[in-house]
file query22.txt (compact mmCIF, C-alpha atoms)
# COMPACT_ATOMS: atom_id res chain seq x y z
CA MET W 26 -165.42 -52.42 48.32
CA THR W 27 -163.97 -50.22 45.60
CA ASN W 28 -161.96 -48.24 48.14
CA ARG W 29 -160.49 -51.49 49.55
CA LYS W 30 -159.50 -52.67 46.09
CA SER W 31 -157.97 -49.27 45.32
CA ALA W 32 -156.08 -49.25 48.62
CA GLY W 33 -154.88 -52.79 48.00
CA LEU W 34 -153.71 -51.97 44.50
CA LEU W 35 -151.97 -48.82 45.77
CA ALA W 36 -150.18 -50.83 48.47
CA LEU W 37 -149.15 -53.46 45.92
CA ALA W 38 -147.86 -50.75 43.57
CA LEU W 39 -145.83 -49.17 46.40
CA VAL W 40 -144.26 -52.52 47.30
CA ALA W 41 -143.42 -53.20 43.65
CA CYS W 42 -141.81 -49.76 43.30
CA CYS W 43 -139.76 -50.28 46.46
CA LEU W 44 -138.60 -53.71 45.32
CA ALA W 45 -137.70 -52.37 41.87
CA GLY W 46 -135.64 -49.64 43.54
CA GLN W 47 -133.79 -52.23 45.61
CA VAL W 48 -132.99 -54.34 42.55
CA SER W 49 -131.67 -51.39 40.57
CA ALA W 50 -129.64 -50.18 43.57
CA LYS W 51 -127.70 -53.48 43.53
CA GLU W 52 -126.77 -53.21 39.86
CA PRO W 53 -123.36 -51.55 39.46
CA LYS W 54 -123.17 -48.22 37.67
CA TYR W 55 -120.40 -48.60 35.10
CA GLN W 56 -118.16 -45.82 33.86
CA PRO W 57 -115.71 -45.93 30.94
CA PHE W 58 -112.26 -47.28 31.78
CA LYS W 59 -109.30 -46.51 29.50
CA SER W 60 -105.57 -46.86 29.86
CA ARG W 61 -102.47 -46.48 27.72
CA VAL W 62 -99.52 -48.49 28.98
CA GLU W 63 -95.82 -48.31 28.15
CA ALA W 64 -93.98 -51.30 29.57
CA VAL W 65 -91.09 -53.71 29.11
CA TRP W 66 -91.23 -57.53 29.21
CA ASP W 67 -88.31 -59.51 30.64
CA ASN W 68 -88.85 -61.91 27.70
CA ILE W 69 -92.40 -62.62 26.63
CA PHE W 70 -91.44 -66.13 25.49
CA ASN W 71 -90.61 -66.99 29.12
CA GLY W 72 -94.41 -67.28 29.30
CA LEU W 73 -94.04 -70.55 27.38
CA LEU W 74 -90.50 -71.72 28.16
CA ALA W 75 -90.12 -70.72 31.83
CA PRO W 76 -93.46 -69.27 32.97
CA PRO W 77 -94.40 -66.70 33.82
CA ALA W 78 -93.12 -63.85 31.68
CA ASN W 79 -93.12 -60.55 33.62
CA PHE W 80 -93.48 -56.90 32.69
CA VAL W 81 -93.25 -53.54 34.45
CA GLY W 82 -94.40 -50.22 33.14
CA ILE W 83 -96.32 -47.00 33.56
CA SER W 84 -99.70 -45.88 32.31
CA GLN W 85 -102.16 -43.05 32.17
CA THR W 86 -105.41 -44.55 33.39
CA THR W 87 -108.89 -43.12 33.90
CA HIS W 88 -109.98 -42.97 37.56
CA MET W 89 -106.33 -43.45 38.67
CA GLY W 90 -104.13 -40.96 36.83
CA ARG W 91 -100.52 -41.96 36.29
CA THR W 92 -99.99 -45.52 37.51
CA ALA W 93 -97.24 -48.08 37.85
CA GLN W 94 -98.08 -51.46 36.37
CA GLN W 95 -96.71 -54.93 36.75
CA GLY W 96 -97.99 -58.10 35.20
CA THR W 97 -97.44 -61.72 34.32
CA LEU W 98 -98.20 -63.98 31.37
CA VAL W 99 -98.34 -67.72 30.84
CA LEU W 100 -98.49 -68.82 27.20
CA GLY W 101 -99.93 -72.05 25.84
CA PRO W 102 -98.59 -73.93 22.81
CA PRO W 103 -99.30 -72.22 19.48
CA ASN W 104 -102.15 -73.26 17.23
CA GLU W 105 -101.83 -74.30 13.57
CA VAL W 106 -101.28 -70.68 12.43
CA PHE W 107 -98.62 -70.02 15.10
CA ILE W 108 -100.84 -67.95 17.43
CA PHE W 109 -100.20 -68.45 21.16
CA PRO W 110 -103.08 -68.41 23.67
CA GLY W 111 -102.20 -66.78 26.97
CA GLU W 112 -103.46 -65.61 30.33
CA GLY W 113 -102.13 -63.54 33.16
CA SER W 114 -102.76 -60.83 35.67
CA VAL W 115 -101.93 -57.13 36.01
CA THR W 116 -101.83 -54.82 39.01
CA LEU W 117 -102.05 -51.06 38.59
CA THR W 118 -100.82 -48.89 41.47
CA ALA W 119 -101.90 -45.25 41.66
CA ALA W 120 -99.74 -42.46 43.10
CA ASN W 121 -101.77 -42.61 46.34
CA GLY W 122 -101.05 -46.36 46.73
CA GLU W 123 -104.49 -47.66 45.73
CA THR W 124 -104.36 -50.75 43.54
CA LEU W 125 -106.56 -52.32 40.91
CA THR W 126 -105.97 -55.86 39.65
CA PHE W 127 -107.36 -57.67 36.64
CA LYS W 128 -106.95 -61.03 34.96
CA TYR W 129 -106.74 -61.29 31.21
CA VAL W 130 -106.93 -63.90 28.46
CA GLY W 131 -105.90 -63.43 24.88
CA PHE W 132 -103.77 -64.36 21.91
CA LEU W 133 -100.26 -63.39 20.82
CA SER W 134 -98.83 -63.40 17.32
CA PRO W 135 -95.05 -63.62 17.76
CA LEU W 136 -94.55 -62.71 14.09
CA THR W 137 -96.30 -59.33 14.36
CA GLY W 138 -95.96 -58.78 18.11
CA GLU W 139 -99.68 -58.13 18.36
CA GLY W 140 -101.70 -59.31 21.33
CA ILE W 141 -105.47 -59.06 21.73
CA GLY W 142 -107.88 -60.22 24.36
CA THR W 143 -110.21 -59.44 27.22
CA PHE W 144 -109.75 -58.51 30.87
CA LYS W 145 -111.86 -58.60 34.04
CA PHE W 146 -111.24 -56.76 37.31
CA THR W 147 -110.67 -59.13 40.21
CA SER W 148 -109.60 -57.03 43.21
CA GLY W 149 -108.35 -53.71 44.45
CA THR W 150 -107.66 -51.56 47.48
CA GLY W 151 -109.02 -48.24 48.72
CA ARG W 152 -111.87 -47.00 46.55
CA PHE W 153 -111.24 -49.94 44.17
CA ALA W 154 -111.80 -52.60 46.86
CA ASN W 155 -115.11 -53.65 45.29
CA ALA W 156 -114.31 -52.85 41.68
CA LYS W 157 -116.19 -54.68 38.97
CA GLY W 158 -115.84 -54.42 35.23
CA ASP W 159 -114.25 -55.75 32.11
CA GLY W 160 -112.99 -54.79 28.69
CA THR W 161 -110.66 -55.50 25.80
CA PHE W 162 -106.98 -54.86 25.18
CA TYR W 163 -104.64 -54.46 22.23
CA ALA W 164 -100.88 -54.83 22.73
CA LEU W 165 -97.93 -54.30 20.43
CA ILE W 166 -94.70 -55.93 21.61
CA ASP W 167 -91.26 -55.82 20.03
CA THR W 168 -90.71 -59.59 19.86
CA SER W 169 -87.56 -59.18 17.73
CA LEU W 170 -85.49 -58.49 20.84
CA PRO W 171 -84.26 -61.37 23.04
CA ALA W 172 -84.97 -59.46 26.29
CA ASN W 173 -86.28 -56.14 27.58
CA GLN W 174 -89.00 -56.13 24.94
CA PRO W 175 -90.92 -52.82 24.85
CA MET W 176 -94.70 -52.94 24.74
CA ILE W 177 -97.54 -50.45 24.20
CA VAL W 178 -101.02 -51.51 25.36
CA THR W 179 -104.41 -49.86 25.18
CA LEU W 180 -107.20 -50.96 27.50
CA ASP W 181 -110.81 -50.10 26.73
CA GLY W 182 -113.53 -51.18 29.10
CA ARG W 183 -115.89 -50.30 31.90
CA ILE W 184 -115.58 -50.12 35.67
CA SER W 185 -117.77 -49.75 38.75
CA TYR W 186 -116.33 -49.03 42.18
call {"tool": "encode", "arguments": {"input": "query22.txt", "output": "structure tokens"}}
result
Amino acid sequence: MTNRKSAGLLALALVACCLAGQVSAKEPKYQPFKSRVEAVWDNIFNGLLAPPANFVGISQTTHMGRTAQQGTLVLGPPNEVFIFPGEGSVTLTAANGETLTFKYVGFLSPLTGEGIGTFKFTSGTGRFANAKGDGTFYALIDTSLPANQPMIVTLDGRISY
């Protein structure tokens, strides 16, 4: 009887180990994701007045190297301290043609040109077809110009692909 109990416990332990391995295999393995973007907005306030506002730029991005970027922004009405909520999307294109797209939400201070918020990967192509991940961003935009407003952005997050 003791051998049967031992064999049963051993079988149960093996099943539990196998199931635990399957669960952990489904969890994505995240790696750091960082990017520094230099871009130009058509006019960021188009995001409120004639949405969306659009930008194009270049970046140095982990896992992708030098990329082209393009993005959009729709702004909401400002709050009581003149901070605009906003949301949009960005597509990064690597030199080999692979793409990575994320959506973002955040806040813009038109007085300082600072934007902060979060992003989440939504799609991609090539090795980024099943990308998952998220992070934060900080942007500094020259809002004093009426058009062709330069912007520097840093992205700091995590990615699994």
call {"tool": "residues_around", "arguments": {"input": "query22.txt", "residues": "Gly90 of chain W", "least_positions_apart": "6", "cutoff": "9 Å", "atoms": "all atoms listed in the file", "output": "list in words"}}
result
Ser84, Ala119 and Ala120 of chain W
call {"tool": "closest_residue", "arguments": {"input": "query22.txt", "among": "W:Val115, W:Ala75, W:Ile184, W:Leu133", "to": "Gly160 of chain W", "atoms": "only C-alpha atoms"}}
result
W:Ile184
call {"tool": "axis_aligned_box", "arguments": {"input": "query22.txt", "around": "segment 153-162 of chain W", "padding_each_side": "4 Å", "output": "JSON"}}
result
{"center_x": -111.6, "center_y": -52.8, "center_z": 36.0, "size_x": 17.2, "size_y": 13.8, "size_z": 29.7}
call {"tool": "closest_residue", "arguments": {"input": "query22.txt", "among": "W:Glu139, W:Asp159, W:Asp67, W:Glu105", "to": "Ile177 of chain W", "atoms": "all atoms listed in the file"}}
result
W:Glu139
call {"tool": "residues_near_point", "arguments": {"input": "query22.txt", "point": "(-105.4, -66.7, 25.8)", "cutoff": "10 Å", "atoms": "all atoms listed in the file", "output": "number ranges by chain"}}
result
W: 98-101, 108-113, 129-133, 140-143
call {"tool": "residues_around", "arguments": {"input": "query22.txt", "residues": "segment 145-149 of chain W", "least_positions_apart": "4", "cutoff": "12 Å", "atoms": "only C-alpha atoms", "output": "PyMOL selection string"}}
result
chain W and resi 58+89+112-119+122-131+153-162+180-186
call {"tool": "residues_around", "arguments": {"input": "query22.txt", "residues": "Gly138 of chain W", "least_positions_apart": "6", "cutoff": "7 Å", "atoms": "all atoms listed in the file", "output": "PyMOL selection string"}}
result
chain W and resi 165-168
call {"tool": "write_last_selection", "arguments": {"input": "query22.txt", "atoms": "C-alpha atoms", "output": "PDB file, in the frame of the given file"}}
result
ATOM      1  CA  LEU W 165     -97.930 -54.300  20.430  1.00  0.00           C
ATOM      2  CA  ILE W 166     -94.700 -55.930  21.610  1.00  0.00           C
ATOM      3  CA  ASP W 167     -91.260 -55.820  20.030  1.00  0.00           C
ATOM      4  CA  THR W 168     -90.710 -59.590  19.860  1.00  0.00           C
TER       5      THR W 168
END
call {"tool": "atom_distance", "arguments": {"input": "query22.txt", "atom1": "atom CA of Gly72 of chain W", "atom2": "atom CA of Gly96 of chain W"}}
result
11.5 Å
call {"tool": "residues_around", "arguments": {"input": "query22.txt", "residues": "Met176 of chain W", "least_positions_apart": "2", "cutoff": "9 Å", "atoms": "only C-alpha atoms", "output": "list in words"}}
result
Val62, Glu63, Ala64, Val65, Trp66, Phe80, Gly82, Gly138, Ala164, Leu165, Ile166, Asp167, Gln174 and Val178 of chain W
call {"tool": "write_last_selection", "arguments": {"input": "query22.txt", "atoms": "C-alpha atoms", "output": "short mmCIF file (atom, residue, chain, number, x, y, z; two decimals), in the coordinates of the input"}}
result
data_model
loop_
_atom_site.label_atom_id
_atom_site.label_comp_id
_atom_site.auth_asym_id
_atom_site.auth_seq_id
_atom_site.Cartn_x
_atom_site.Cartn_y
_atom_site.Cartn_z
CA VAL W 62 -99.52 -48.49 28.98
CA GLU W 63 -95.82 -48.31 28.15
CA ALA W 64 -93.98 -51.30 29.57
CA VAL W 65 -91.09 -53.71 29.11
CA TRP W 66 -91.23 -57.53 29.21
CA PHE W 80 -93.48 -56.90 32.69
CA GLY W 82 -94.40 -50.22 33.14
CA GLY W 138 -95.96 -58.78 18.11
CA ALA W 164 -100.88 -54.83 22.73
CA LEU W 165 -97.93 -54.30 20.43
CA ILE W 166 -94.70 -55.93 21.61
CA ASP W 167 -91.26 -55.82 20.03
CA GLN W 174 -89.00 -56.13 24.94
CA VAL W 178 -101.02 -51.51 25.36
#
call {"tool": "atom_distance", "arguments": {"input": "query22.txt", "atom1": "atom CA of Val81 of chain W", "atom2": "atom CA of Leu136 of chain W"}}
result
22.4 Å
call {"tool": "atom_distance", "arguments": {"input": "query22.txt", "atom1": "atom CA of Tyr163 of chain W", "atom2": "atom CA of Ser134 of chain W"}}
result
11.7 Å
call {"tool": "closest_residue", "arguments": {"input": "query22.txt", "among": "W:Pro77, W:Arg61, W:Leu170, W:Phe70", "to": "Gln94 of chain W", "atoms": "all atoms listed in the file"}}
result
W:Arg61
call {"tool": "closest_residue", "arguments": {"input": "query22.txt", "among": "W:Thr179, W:Gln56, W:Gln85, W:Leu73", "to": "Pro102 of chain W", "atoms": "only C-alpha atoms"}}
result
W:Leu73
call {"tool": "decode", "arguments": {"input": "query22.txt", "residues": "segment 123-154 of chain W", "atoms": "N, CA and C atoms", "output": "CSV table (one decimal), in the first residue's frame"}}
result
chain,number,residue,atom,x,y,z
W,123,GLU,N,10.5,45.9,-40.9
W,123,GLU,CA,9.6,45.5,-39.8
W,123,GLU,C,9.0,46.7,-39.0
W,124,THR,N,7.8,46.5,-38.6
W,124,THR,CA,7.1,47.6,-37.9
W,124,THR,C,6.7,47.2,-36.5
W,125,LEU,N,6.5,48.2,-35.7
W,125,LEU,CA,6.0,48.0,-34.3
W,125,LEU,C,5.1,49.2,-34.0
W,126,THR,N,3.9,48.9,-33.6
W,126,THR,CA,2.9,50.0,-33.4
W,126,THR,C,2.5,50.0,-31.9
W,127,PHE,N,2.3,51.2,-31.4
W,127,PHE,CA,1.8,51.3,-30.0
W,127,PHE,C,0.8,52.4,-29.9
W,128,LYS,N,-0.1,52.3,-29.0
W,128,LYS,CA,-1.1,53.4,-28.7
W,128,LYS,C,-0.6,54.0,-27.4
W,129,TYR,N,-0.9,55.3,-27.2
W,129,TYR,CA,-0.5,56.0,-26.0
W,129,TYR,C,-1.6,56.9,-25.5
W,130,VAL,N,-1.5,57.2,-24.2
W,130,VAL,CA,-2.4,58.2,-23.6
W,130,VAL,C,-1.5,59.0,-22.7
W,131,GLY,N,-1.9,60.3,-22.6
W,131,GLY,CA,-1.1,61.2,-21.7
W,131,GLY,C,-1.6,62.5,-21.6
W,132,PHE,N,-0.7,63.4,-21.2
W,132,PHE,CA,-1.1,64.8,-20.9
W,132,PHE,C,-0.1,65.8,-21.5
W,133,LEU,N,-0.6,66.9,-22.0
W,133,LEU,CA,0.3,67.9,-22.6
W,133,LEU,C,0.1,69.2,-21.9
W,134,SER,N,1.2,69.9,-21.5
W,134,SER,CA,1.2,71.2,-21.0
W,134,SER,C,1.7,72.1,-22.1
W,135,PRO,N,0.8,72.9,-22.7
W,135,PRO,CA,1.2,73.8,-23.8
W,135,PRO,C,2.1,74.9,-23.4
W,136,LEU,N,2.1,75.2,-22.1
W,136,LEU,CA,2.9,76.3,-21.6
W,136,LEU,C,4.4,75.9,-21.5
W,137,THR,N,4.7,74.7,-21.1
W,137,THR,CA,6.0,74.2,-21.0
W,137,THR,C,6.4,73.3,-22.2
W,138,GLY,N,5.5,72.8,-23.0
W,138,GLY,CA,5.7,71.9,-24.1
W,138,GLY,C,6.0,70.5,-23.6
W,139,GLU,N,5.8,70.2,-22.3
W,139,GLU,CA,6.0,68.8,-21.8
W,139,GLU,C,4.8,67.9,-22.0
W,140,GLY,N,5.1,66.7,-22.4
W,140,GLY,CA,4.1,65.7,-22.5
W,140,GLY,C,4.5,64.5,-21.7
W,141,ILE,N,3.6,63.8,-21.0
W,141,ILE,CA,3.9,62.6,-20.3
W,141,ILE,C,2.8,61.6,-20.4
W,142,GLY,N,3.1,60.4,-20.3
W,142,GLY,CA,2.0,59.4,-20.4
W,142,GLY,C,2.6,58.0,-20.5
W,143,THR,N,1.7,57.1,-20.9
W,143,THR,CA,2.0,55.7,-21.0
W,143,THR,C,1.7,55.2,-22.4
W,144,PHE,N,2.3,54.1,-22.8
W,144,PHE,CA,2.1,53.4,-24.1
W,144,PHE,C,2.0,51.9,-23.9
W,145,LYS,N,1.3,51.3,-25.0
W,145,LYS,CA,1.1,49.9,-25.0
W,145,LYS,C,1.2,49.4,-26.4
W,146,PHE,N,2.1,48.4,-26.6
W,146,PHE,CA,2.2,47.8,-28.0
W,146,PHE,C,0.9,47.2,-28.4
W,147,THR,N,0.5,47.4,-29.7
W,147,THR,CA,-0.7,46.9,-30.2
W,147,THR,C,-0.5,45.9,-31.4
W,148,SER,N,0.5,46.1,-32.2
W,148,SER,CA,0.7,45.3,-33.4
W,148,SER,C,2.1,45.4,-33.9
W,149,GLY,N,2.4,44.6,-34.9
W,149,GLY,CA,3.8,44.7,-35.5
W,149,GLY,C,3.8,43.7,-36.7
W,150,THR,N,5.0,43.7,-37.3
W,150,THR,CA,5.2,42.8,-38.4
W,150,THR,C,6.5,42.1,-38.2
W,151,GLY,N,6.8,41.1,-39.0
W,151,GLY,CA,8.0,40.3,-38.8
W,151,GLY,C,8.2,39.8,-37.4
W,152,ARG,N,9.3,39.9,-36.8
W,152,ARG,CA,9.5,39.4,-35.5
W,152,ARG,C,8.7,40.1,-34.4
W,153,PHE,N,8.1,41.2,-34.8
W,153,PHE,CA,7.3,42.0,-33.8
W,153,PHE,C,5.8,41.7,-34.0
W,154,ALA,N,5.4,40.7,-34.8
W,154,ALA,CA,4.0,40.4,-35.1
W,154,ALA,C,3.2,40.1,-33.8
